[in-house]
Every structure is written in structure tokens, then in C-alpha cells.
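The structure file target12.txt is reproduced below (compact mmCIF, C-alpha atoms).
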```txt
# COMPACT_ATOMS: atom_id res chain seq x y z
CA MET A 1138 23.47 8.86 -2.87
CA SER A 1139 19.85 7.80 -3.04
CA TRP A 1140 17.14 8.33 -0.47
CA ALA A 1141 14.32 5.96 -1.47
CA ALA A 1142 15.69 3.73 -4.26
CA HIS A 1143 17.47 1.51 -1.72
CA ASP A 1144 14.14 0.87 0.03
CA LEU A 1145 12.28 0.00 -3.17
CA GLU A 1146 14.75 -1.83 -5.41
CA PRO A 1147 14.50 -5.11 -3.41
CA TYR A 1148 10.76 -5.38 -4.27
CA ALA A 1149 11.53 -5.00 -7.98
CA PHE A 1150 14.12 -7.80 -7.81
CA GLN A 1151 11.71 -9.88 -5.75
CA LYS A 1152 9.10 -9.61 -8.52
CA HIS A 1153 11.45 -11.17 -11.06
CA LEU A 1154 13.34 -13.67 -8.89
CA ASN A 1155 10.50 -15.02 -6.70
CA LEU A 1156 11.69 -18.14 -4.82
CA LYS A 1157 15.29 -17.71 -6.03
CA VAL A 1158 15.97 -14.97 -3.43
CA ALA A 1159 15.30 -14.34 0.23
CA PHE A 1160 13.87 -10.91 0.95
CA VAL A 1161 15.57 -10.13 4.29
CA PRO A 1162 19.18 -10.42 3.05
CA LEU A 1163 18.14 -8.69 -0.18
CA LEU A 1164 16.99 -5.70 1.87
CA ILE A 1165 19.97 -5.85 4.25
CA GLY A 1166 22.27 -5.90 1.20
CA SER A 1167 20.49 -2.89 -0.21
CA TYR A 1168 21.00 -0.95 3.03
CA ALA A 1169 24.44 -2.36 3.92
CA PRO A 1170 26.80 0.13 2.21
CA ASP A 1171 25.33 3.06 4.16
CA LEU A 1172 24.75 1.29 7.47
CA MET A 1173 28.23 1.95 8.81
CA THR A 1174 28.85 5.32 7.21
CA LYS A 1175 25.82 7.61 6.93
CA TRP A 1176 25.74 8.74 10.59
CA PHE A 1177 29.37 9.90 10.36
CA VAL A 1178 28.79 11.59 6.99
CA TYR A 1179 26.07 13.83 8.44
CA GLY A 1180 27.50 13.88 11.95
CA ILE A 1181 25.86 13.20 15.30
CA HIS A 1182 25.91 15.02 18.63
CA LEU A 1183 27.02 13.15 21.72
CA GLY A 1184 26.57 15.61 24.55
CA PRO A 1185 28.93 18.51 23.83
CA TRP A 1186 30.78 16.61 21.08
CA GLU A 1187 29.95 16.49 17.41
CA LEU A 1188 31.19 13.41 15.61
CA LYS A 1189 31.45 14.11 11.88
CA ALA A 1190 33.84 13.22 9.08
CA SER A 1191 36.13 16.12 8.17
CA ASN A 1192 35.65 15.20 4.51
CA PRO A 1193 32.25 13.45 4.32
CA ALA A 1194 32.40 12.51 0.61
CA GLN A 1195 35.91 11.08 0.99
CA PHE A 1196 34.86 9.13 4.08
CA HIS A 1197 31.62 7.88 2.50
CA ARG A 1198 32.83 6.98 -1.00
CA GLY A 1199 36.58 7.39 -1.15
CA TRP A 1200 39.84 5.69 -0.28
CA PRO A 1201 41.27 6.22 2.28
CA GLY A 1202 37.81 6.06 3.82
CA PHE A 1203 34.87 3.66 3.79
CA GLY A 1204 34.18 3.95 0.06
CA PHE A 1205 35.09 0.28 -0.38
CA THR A 1206 31.71 -0.57 1.22
CA HIS A 1207 30.13 0.67 -2.04
CA SER A 1208 32.17 -1.64 -4.29
CA LEU A 1209 31.00 -4.79 -6.06
CA THR A 1210 34.02 -6.61 -4.65
CA PHE A 1211 33.02 -5.81 -1.05
CA GLY A 1212 29.49 -7.10 -1.71
CA LEU A 1213 30.95 -10.28 -3.18
CA LEU A 1214 33.29 -10.70 -0.20
CA ILE A 1215 30.47 -10.39 2.33
CA GLY A 1216 28.39 -12.76 0.18
CA LEU A 1217 31.20 -15.32 0.33
CA VAL A 1218 31.41 -14.93 4.12
CA ILE A 1219 27.65 -15.56 4.40
CA TRP A 1220 27.86 -18.57 2.07
CA LYS A 1221 30.95 -20.25 3.50
CA GLY A 1222 30.70 -18.95 7.07
CA PHE A 1223 26.98 -19.37 7.68
CA GLY A 1224 26.24 -22.00 5.03
CA SER A 1225 23.44 -20.22 3.22
CA LYS A 1226 23.89 -19.80 -0.53
CA LEU A 1227 20.38 -18.28 -0.77
CA TRP A 1228 21.19 -15.54 1.76
CA ALA A 1229 24.58 -14.96 0.13
CA VAL A 1230 23.18 -14.52 -3.38
CA SER A 1231 20.32 -12.35 -2.11
CA PHE A 1232 22.68 -10.13 -0.14
CA VAL A 1233 24.96 -9.67 -3.15
CA ILE A 1234 22.05 -8.69 -5.42
CA GLY A 1235 20.82 -6.09 -2.91
CA HIS A 1236 24.31 -4.76 -2.29
CA TRP A 1237 25.19 -4.50 -5.97
CA ALA A 1238 21.95 -2.63 -6.66
CA HIS A 1239 22.97 -0.06 -4.06
CA ALA A 1240 26.53 0.27 -5.38
CA LEU A 1241 25.32 0.65 -8.98
CA THR A 1242 22.53 3.13 -8.10
CA ASP A 1243 25.01 5.37 -6.29
CA THR A 1244 27.09 5.71 -9.47
CA GLY A 1245 24.32 8.09 -10.57
CA ASP A 1246 25.62 11.03 -8.52
CA THR A 1247 28.67 13.26 -8.98
CA VAL A 1248 30.97 11.33 -6.64
CA GLY A 1249 30.04 7.82 -7.75
CA THR A 1250 31.41 4.59 -6.34
CA MET A 1251 34.64 2.61 -6.58
CA LEU A 1252 32.86 -0.37 -8.09
CA LEU A 1253 36.02 -2.37 -8.73
CA PHE A 1254 37.88 -1.65 -5.48
CA PRO A 1255 40.85 -2.03 -4.78
CA TRP A 1256 40.98 -0.13 -8.09
CA THR A 1257 40.09 3.30 -6.70
CA PHE A 1258 38.57 4.69 -9.91
CA HIS A 1259 35.15 6.27 -9.23
CA PHE A 1260 32.41 5.26 -11.67
CA HIS A 1261 30.03 8.23 -11.78
CA LEU A 1262 27.28 9.26 -14.19
CA ASP A 1263 26.96 12.79 -12.72
CA ALA A 1264 23.16 12.72 -13.10
CA TRP A 1265 22.53 14.37 -9.72
CA ALA A 1266 24.63 16.34 -7.25
CA TYR A 1267 26.26 14.62 -4.27
CA ALA A 1268 25.67 17.09 -1.43
CA GLY A 1269 26.13 14.90 1.67
CA GLN A 1270 28.87 17.24 2.91
CA THR A 1271 26.28 20.05 3.34
CA GLY A 1272 24.47 18.18 6.13
CA ARG A 1273 21.34 16.07 6.23
CA TYR A 1274 18.74 18.76 5.51
CA LYS A 1275 20.56 20.62 2.75
CA ASP A 1276 21.36 17.23 1.22
CA ALA A 1277 17.66 16.31 1.36
CA ALA A 1278 16.74 19.63 -0.27
CA ALA A 1279 19.30 19.11 -3.05
CA TYR A 1280 18.46 15.47 -3.63
CA PHE A 1281 14.70 16.05 -3.82
CA SER A 1282 15.23 18.91 -6.28
CA GLY A 1283 17.30 16.99 -8.83
CA LEU A 1284 17.25 13.89 -10.99
CA GLY A 1285 18.00 11.68 -7.99
CA SER A 1286 14.45 12.11 -6.79
CA MET A 1287 13.18 11.29 -10.29
CA TRP A 1288 15.22 8.08 -10.19
CA ASP A 1289 13.52 7.25 -6.89
CA ALA A 1290 10.16 8.01 -8.53
CA VAL A 1291 10.94 5.42 -11.23
CA TRP A 1292 11.32 2.77 -8.51
CA ILE A 1293 8.11 3.89 -6.79
CA VAL A 1294 6.18 3.57 -10.07
CA TYR A 1295 7.80 0.20 -10.76
CA GLY A 1296 6.95 -0.84 -7.21
CA PHE A 1297 3.27 -0.09 -7.76
CA TYR A 1298 3.43 -1.85 -11.14
CA SER A 1299 4.73 -4.87 -9.19
CA TRP A 1300 1.88 -4.60 -6.67
CA ARG A 1301 1.38 -8.38 -6.49
CA VAL A 1302 4.70 -8.63 -4.65
CA ILE A 1303 3.27 -6.88 -1.57
CA THR A 1304 0.01 -8.82 -1.34
CA SER A 1305 -0.61 -11.25 1.49
CA GLU A 1306 -0.91 -14.14 -1.01
CA TYR A 1307 2.56 -13.42 -2.36
CA TYR A 1308 3.94 -13.16 1.16
CA ASP A 1309 2.45 -16.55 2.10
CA ASN A 1310 3.34 -18.38 -1.12
CA VAL A 1311 6.75 -16.93 -1.94
CA ILE A 1312 8.38 -14.80 0.76
CA TYR A 1313 7.49 -17.08 3.68
CA ARG A 1314 8.29 -20.28 1.80
CA ALA A 1315 11.58 -19.11 0.30
CA ASP A 1316 13.39 -18.41 3.55
CA ALA A 1317 13.39 -20.32 6.87
CA PHE A 1318 13.89 -16.99 8.63
CA TRP A 1319 10.17 -16.17 8.44
CA PRO A 1320 8.82 -19.41 9.99
CA TRP A 1321 11.50 -19.09 12.68
CA VAL A 1322 10.46 -15.52 13.65
CA ASN A 1323 6.82 -16.55 13.30
CA ARG A 1324 7.27 -18.65 16.46
CA TRP A 1325 7.23 -15.40 18.47
CA VAL A 1326 5.79 -12.74 16.12
CA PRO A 1327 2.29 -13.11 14.62
CA ARG A 1328 1.92 -13.50 10.87
CA GLY A 1329 0.12 -10.14 10.53
CA ALA A 1330 3.01 -8.25 12.11
CA LEU A 1331 5.52 -10.07 9.87
CA LEU A 1332 3.50 -9.25 6.75
CA THR A 1333 3.47 -5.59 7.81
CA LEU A 1334 7.23 -5.68 8.42
CA TYR A 1335 7.75 -7.24 4.98
CA ARG A 1336 5.87 -4.31 3.43
CA ALA A 1337 7.61 -1.71 5.63
CA ALA A 1338 10.52 -0.74 3.38
CA PHE A 1339 8.11 -0.16 0.48
CA PHE A 1340 5.93 1.99 2.73
CA TYR A 1341 8.93 3.84 4.17
CA GLY A 1342 10.56 4.57 0.79
CA THR A 1343 7.35 5.79 -0.84
CA SER A 1344 6.03 7.79 2.11
CA ARG A 1345 9.21 9.60 2.87
CA TRP A 1346 9.76 10.38 -0.83
CA ILE A 1347 6.41 12.20 -0.75
CA ALA A 1348 7.16 13.80 2.64
CA TRP A 1349 10.62 15.08 1.67
CA THR A 1350 9.25 16.40 -1.63
CA ILE A 1351 6.59 18.38 0.26
CA TRP A 1352 9.18 19.49 2.82
CA ALA A 1353 11.60 20.71 0.12
CA HIS A 1354 9.16 22.35 -2.28
CA VAL A 1355 6.03 23.32 -0.32
CA VAL A 1356 7.44 24.13 3.12
CA HIS A 1357 10.90 25.44 2.13
CA HIS A 1358 10.50 26.44 -1.54
CA TYR A 1359 13.78 25.02 -2.84
CA PRO A 1360 13.75 25.28 -6.65
CA TYR A 1361 13.64 22.18 -8.83
CA ASP A 1362 16.59 21.78 -11.20
CA LEU A 1363 16.14 18.61 -13.24
CA THR A 1364 19.11 19.28 -15.50
CA TRP A 1365 21.95 16.75 -15.66
CA GLY A 1366 24.14 17.10 -12.55
CA GLY A 1367 21.65 19.36 -10.79
CA PRO A 1368 20.49 21.00 -8.75
CA HIS A 1369 23.23 23.46 -9.61
CA TRP A 1370 22.36 25.72 -6.67
CA ALA A 1371 23.77 22.99 -4.41
CA PRO A 1372 27.55 22.62 -4.03
CA ALA A 1373 28.23 19.24 -5.66
CA GLU A 1374 31.18 17.12 -4.51
CA HIS A 1375 33.34 15.28 -7.01
CA PRO A 1376 35.84 12.41 -6.57
CA MET B 222 -14.34 -7.81 -26.33
CA ARG B 223 -13.65 -5.14 -23.75
CA LEU B 224 -14.65 -7.50 -20.93
CA ARG B 225 -12.32 -10.20 -22.27
CA LEU B 226 -9.48 -7.68 -22.35
CA LEU B 227 -10.22 -6.56 -18.79
CA SER B 228 -10.22 -10.15 -17.55
CA ARG B 229 -6.64 -10.52 -18.78
CA ILE B 230 -5.41 -7.49 -16.86
CA ASP B 231 -4.18 -8.29 -13.39
CA VAL B 232 -6.41 -6.05 -11.29
CA PRO B 233 -6.52 -5.91 -7.49
CA THR B 234 -9.55 -7.39 -5.74
CA ARG B 235 -11.84 -5.36 -3.48
CA SER B 236 -9.99 -6.83 -0.50
CA ASP B 237 -6.63 -5.70 -1.97
CA TRP B 238 -8.02 -2.16 -2.34
CA ARG B 239 -9.25 -2.19 1.25
CA VAL B 240 -5.77 -3.11 2.51
CA PHE B 241 -4.23 -0.49 0.23
CA ALA B 242 -6.60 2.19 1.59
CA GLY B 243 -5.53 1.34 5.13
CA TYR B 244 -1.85 1.74 4.21
CA CYS B 245 -2.63 5.02 2.41
CA ALA B 246 -4.29 6.35 5.58
CA ALA B 247 -1.23 5.29 7.60
CA ALA B 248 1.03 6.93 5.00
CA ALA B 249 -0.96 10.19 5.09
CA VAL B 250 -0.50 10.45 8.87
CA TYR B 251 3.19 9.52 8.56
CA ILE B 252 3.73 12.19 5.90
CA VAL B 253 1.98 14.90 7.93
CA ILE B 254 3.99 14.06 11.06
CA GLY B 255 7.18 13.89 8.96
CA VAL B 256 6.66 17.25 7.29
CA VAL B 257 5.96 18.94 10.65
CA TYR B 258 8.68 17.10 12.62
CA ASP B 259 11.27 16.26 9.95
CA ASN B 260 13.38 14.17 12.36
CA PHE B 261 10.60 11.59 12.16
CA LEU B 262 11.51 10.85 8.53
CA LEU B 263 15.18 10.10 9.14
CA SER B 264 15.13 6.63 10.67
CA VAL B 265 14.06 3.47 8.87
CA VAL B 266 13.59 1.81 12.28
CA VAL B 267 11.14 4.53 13.33
CA GLY B 268 9.36 4.17 9.96
CA MET B 269 9.02 0.40 10.37
CA ALA B 270 7.91 0.67 14.00
CA TYR B 271 5.33 3.30 13.04
CA LEU B 272 3.95 1.04 10.31
CA VAL B 273 3.66 -1.98 12.58
CA VAL B 274 1.74 0.14 15.10
CA ALA B 275 -0.45 1.95 12.54
CA ALA B 276 -1.15 -0.86 10.07
CA TRP B 277 -1.18 -3.89 12.33
CA LEU B 278 -1.38 -3.18 16.08
CA VAL B 279 -4.06 -0.46 16.02
CA PRO B 280 -6.43 -2.29 13.61
CA ARG B 281 -5.92 -5.53 15.57
CA THR B 282 -6.68 -3.82 18.86
CA ILE B 283 -9.82 -2.18 17.43
CA ARG B 284 -11.00 -5.52 16.01
CA ARG B 285 -10.52 -7.21 19.39
CA MET B 286 -12.35 -4.43 21.24
CA ARG B 287 -15.34 -4.74 18.90
CA ARG B 288 -15.76 -8.46 19.64
```
So, in terms of C-alpha cells, how does the structure I just supplied come out?
Amino acid sequence: MSWAAHDLEPYAFQKHLNLKVAFVPLLIGSYAPDLMTKWFVYGIHLGPWELKASNPAQFHRGWPGFGFTHSLTFGLLIGLVIWKGFGSKLWAVSFVIGHWAHALTDTGDTVGTMLLFPWTFHFHLDAWAYAGQTGRYKDAAAYFSGLGSMWDAVWIVYGFYSWRVITSEYYDNVIYRADAFWPWVNRWVPRGALLTLYRAAFFYGTSRWIAWTIWAHVVHHYPYDLTWGGPHWAPAEHP
Amino acid sequence: MRLRLLSRIDVPTRSDWRVFAGYCAAAAVYIVIGVVYDNFLLSVVVGMAYLVVAAWLVPRTIRRMRR
């Protein structure tokens, strides 16, 4: 699982694809695999009840479970629904690119993803520990102590290298022109607010990467372990 | 020679830097709040709403008040 890469990858794709993609579905695709599952992985409190998966990794990435949401086939299926059901090839292609980036990035941890579902084989590189089952805060501590956070840092650096993508000129000439969504929303929301919203995922991914790093290493003193599969002080899940 | 090389590099304008500084200030506040109240960091919706307020609504309100 990644904490900031899914916020930043869409800007990298945007830099290379320009008018060939629409940013909103690209970002939705990048978030989509976790939208339905993350709250149940970490658990939520509803009054006296705690709703949480009994086996978070199985629920999040496995089968039986919702692991199919992290497969290339699921991304393609939703893309086809967008294309044929809503008639937008641009949104469909953009969604698939964002979704596939998420599914492929999550193969970096020790659980990995069932990329070719219904084949339930987990593709996993084991570069960083999957610790979602330990709860949100322990997971944050583990993630920001291992190679996962370095992978996020790569996307942050690449994001700054692609700085033109978040300028107002780029927003006006590419983002706004590529997708009718922006002129449509612009009927009610001023251009300045839309430009800020366009930049928001970049801001959110970068800022919270810094904040969680400070939280993990300055406030709580969790040790860094940048070895393959680390941090080894965290209990890593496997498929 | 050096000037010709510099002219080929895509460098941000002064206006770009000014915008960037504004976002950095917003990020610094966000990070401080997030480190103190870690729940603040968990929601992308909260992050986006914060940015719209800090980087668009507040500067816009200040600009209007100055006029």
C-alpha cells in the first residue's frame, strides 16, 4: 500500500499525456481501488460498534475479499463501463491509466495485488512491509520507515521536476481544454477555486508525506529500516 | 555561453515563485496542524478543503478587503 504515490502519479502521467487524458478521472482511477476498502481495513467506530475486517490484508487485497479492486482487469472493466455506459472514451482511458498505476504501485509491498484477477496469484515485489492489519497509525509508522516512503519521495521529486503541470498556464491551456467537466463546474465555481482544487492532490500528497515523516521520526522516534522488505520491526503480512 | 545555457533551462518566473511561496506557507501550516492533530492528515477531502480555504479563499478575501 502507498500513502502519497497515488496522489502524485496522476501529475506525472499528465506531464507526458497532456490533452490525451482528463485529469479528474485519472485521479479518481488512482484513488479508486482503496475508496471502497480502506475504511474497513483500518476499522471505524460507529457508536459502541467497531467495524473492521477480521483479516484486513485478505479483505483489502485477497480473494475472497475486495482484492479484485486492485486488478488490471477490474480497472479495464470499469473503463469499459465508463466508455460504453457514459459515452466518454477520454474518461475511460484516463480512469484506466490512473487505476493501473495504483494496482501496479501496490505490487511493491509484501502482499501485492492480484493483477490478473480472476487468476488469484499475487504479484508482489516485497520492497516494503504491508502492515495495514496493525491499524492506521502503526501502518503509517511502518510505511514511513521503509522503502515505500522512498518510492513516494521519487514521485514527489518527479512532481517538482514536472512543475509546469501545476502552473495556471498549463491548467488553462491543457487541463481546462481537455475535459468538458471543468467548463461545466466553472459555471458555479470560480476559476481560482478550480485551479486550487486541480493542484490539491499534489499539495496533499507532498504535505502529508512530510507531516507523516516528522510524526514517525521526530515525534515518535520509529527507526528507519530501508532494507528490502522493511521495516523488519513491523509485522509484515504476506499473501 | 552560460547565459545561453540558462535561457534553455525551463525556469519558473517570479510570479510562479510567488504562487509557490504561498502554497509552501499553506503547506507549513497544514504540516504543523497535522503533526499535532494527526487525524487532520487522514482525509483527502479535509486536505482539499483546507487548501481551497488557505490558498484561494483567504487570499481572495484579503484582496477584496484591501480594495
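Pairwise distance (atom CA of His1354 of chain A, atom CA of Trp1140 of chain A) equals 16.2 Å.
Note that the spacing between atom CA of Ala1353 of chain A and atom CA of Phe261 of chain B amounts to 15.1 Å.
Using only C-alpha atoms, the chain A residues found within 8 Å of chain B amount to Thr1304, Gly1329, Ala1330, Thr1333, Leu1334, Ala1337, Ala1338, Phe1340, Tyr1341, Ser1344, Arg1345, Ile1347, Ala1348, Trp1349, Ile1351 and Trp1352 of chain A.
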Dump of C-alpha atoms for the selected residues, as a compact mmCIF listing (two decimals), in the frame of the given file:
```
# COMPACT_ATOMS: atom_id res chain seq x y z
CA THR A 1304 0.01 -8.82 -1.34
CA GLY A 1329 0.12 -10.14 10.53
CA ALA A 1330 3.01 -8.25 12.11
CA THR A 1333 3.47 -5.59 7.81
CA LEU A 1334 7.23 -5.68 8.42
CA ALA A 1337 7.61 -1.71 5.63
CA ALA A 1338 10.52 -0.74 3.38
CA PHE A 1340 5.93 1.99 2.73
CA TYR A 1341 8.93 3.84 4.17
CA SER A 1344 6.03 7.79 2.11
CA ARG A 1345 9.21 9.60 2.87
CA ILE A 1347 6.41 12.20 -0.75
CA ALA A 1348 7.16 13.80 2.64
CA TRP A 1349 10.62 15.08 1.67
CA ILE A 1351 6.59 18.38 0.26
CA TRP A 1352 9.18 19.49 2.82
```
The residues within 12 Å of (36.9, 7.5, 2.4), using all atoms listed in the file and the coordinates of the file, should be reported as a JSON list (two decimals) with C-alpha atoms, keeping the file's coordinate frame; which are they?
```
[["chain", "number", "residue", "atom", "x", "y", "z"],
["A", 1174, "THR", "CA", 28.85, 5.32, 7.21],
["A", 1175, "LYS", "CA", 25.82, 7.61, 6.93],
["A", 1177, "PHE", "CA", 29.37, 9.90, 10.36],
["A", 1178, "VAL", "CA", 28.79, 11.59, 6.99],
["A", 1190, "ALA", "CA", 33.84, 13.22, 9.08],
["A", 1191, "SER", "CA", 36.13, 16.12, 8.17],
["A", 1192, "ASN", "CA", 35.65, 15.20, 4.51],
["A", 1193, "PRO", "CA", 32.25, 13.45, 4.32],
["A", 1194, "ALA", "CA", 32.40, 12.51, 0.61],
["A", 1195, "GLN", "CA", 35.91, 11.08, 0.99],
["A", 1196, "PHE", "CA", 34.86, 9.13, 4.08],
["A", 1197, "HIS", "CA", 31.62, 7.88, 2.50],
["A", 1198, "ARG", "CA", 32.83, 6.98, -1.00],
["A", 1199, "GLY", "CA", 36.58, 7.39, -1.15],
["A", 1200, "TRP", "CA", 39.84, 5.69, -0.28],
["A", 1201, "PRO", "CA", 41.27, 6.22, 2.28],
["A", 1202, "GLY", "CA", 37.81, 6.06, 3.82],
["A", 1203, "PHE", "CA", 34.87, 3.66, 3.79],
["A", 1204, "GLY", "CA", 34.18, 3.95, 0.06],
["A", 1205, "PHE", "CA", 35.09, 0.28, -0.38],
["A", 1206, "THR", "CA", 31.71, -0.57, 1.22],
["A", 1207, "HIS", "CA", 30.13, 0.67, -2.04],
["A", 1248, "VAL", "CA", 30.97, 11.33, -6.64],
["A", 1250, "THR", "CA", 31.41, 4.59, -6.34],
["A", 1251, "MET", "CA", 34.64, 2.61, -6.58],
["A", 1257, "THR", "CA", 40.09, 3.30, -6.70],
["A", 1259, "HIS", "CA", 35.15, 6.27, -9.23],
["A", 1376, "PRO", "CA", 35.84, 12.41, -6.57]]
```
Separating atom CA of Tyr1335 of chain A from atom CA of Gly1296 of chain A, to the nearest tenth of an Å, is a gap of 13.8 Å
If we count only C-alpha atoms and set the cut-off at 12 Å, which residues sit around segment 1228-1235 of chain A, ignoring sequence neighbours fewer than 4 positions away in its own chain? Please answer as a PyMOL selection string.
chain A and resi 1142-1151+1154-1170+1207-1224+1239-1242+1315-1318
Once N, CA and C atoms are restored for segment 257-272 of chain B, what would the output be as a tab-separated table (two decimals), in the coordinates of the input?
```tsv
chain	number	residue	atom	x	y	z
B	257	VAL	N	5.95	18.02	9.49
B	257	VAL	CA	5.96	18.94	10.65
B	257	VAL	C	7.20	18.70	11.51
B	258	TYR	N	7.49	17.44	11.82
B	258	TYR	CA	8.68	17.10	12.62
B	258	TYR	C	9.61	16.28	11.72
B	259	ASP	N	10.49	16.95	10.99
B	259	ASP	CA	11.27	16.26	9.95
B	259	ASP	C	12.20	15.17	10.48
B	260	ASN	N	12.55	15.23	11.77
B	260	ASN	CA	13.38	14.17	12.36
B	260	ASN	C	12.71	12.80	12.25
B	261	PHE	N	11.39	12.82	12.21
B	261	PHE	CA	10.60	11.59	12.16
B	261	PHE	C	10.88	10.80	10.88
B	262	LEU	N	11.30	11.49	9.84
B	262	LEU	CA	11.51	10.85	8.53
B	262	LEU	C	12.88	10.18	8.41
B	263	LEU	N	13.77	10.47	9.36
B	263	LEU	CA	15.18	10.10	9.14
B	263	LEU	C	15.49	8.64	9.40
B	264	SER	N	14.74	7.98	10.27
B	264	SER	CA	15.13	6.63	10.67
B	264	SER	C	14.21	5.56	10.07
B	265	VAL	N	14.83	4.59	9.44
B	265	VAL	CA	14.06	3.47	8.87
B	265	VAL	C	13.44	2.64	9.99
B	266	VAL	N	14.12	2.58	11.15
B	266	VAL	CA	13.59	1.81	12.28
B	266	VAL	C	12.31	2.47	12.80
B	267	VAL	N	12.34	3.80	12.90
B	267	VAL	CA	11.14	4.53	13.33
B	267	VAL	C	10.01	4.32	12.31
B	268	GLY	N	10.36	4.37	11.02
B	268	GLY	CA	9.36	4.17	9.96
B	268	GLY	C	8.71	2.80	10.05
B	269	MET	N	9.55	1.76	10.28
B	269	MET	CA	9.02	0.40	10.37
B	269	MET	C	8.16	0.22	11.63
B	270	ALA	N	8.66	0.78	12.74
B	270	ALA	CA	7.91	0.67	14.00
B	270	ALA	C	6.56	1.38	13.86
B	271	TYR	N	6.58	2.56	13.24
B	271	TYR	CA	5.33	3.30	13.04
B	271	TYR	C	4.35	2.45	12.24
B	272	LEU	N	4.85	1.81	11.17
B	272	LEU	CA	3.95	1.04	10.31
B	272	LEU	C	3.34	-0.14	11.04
```
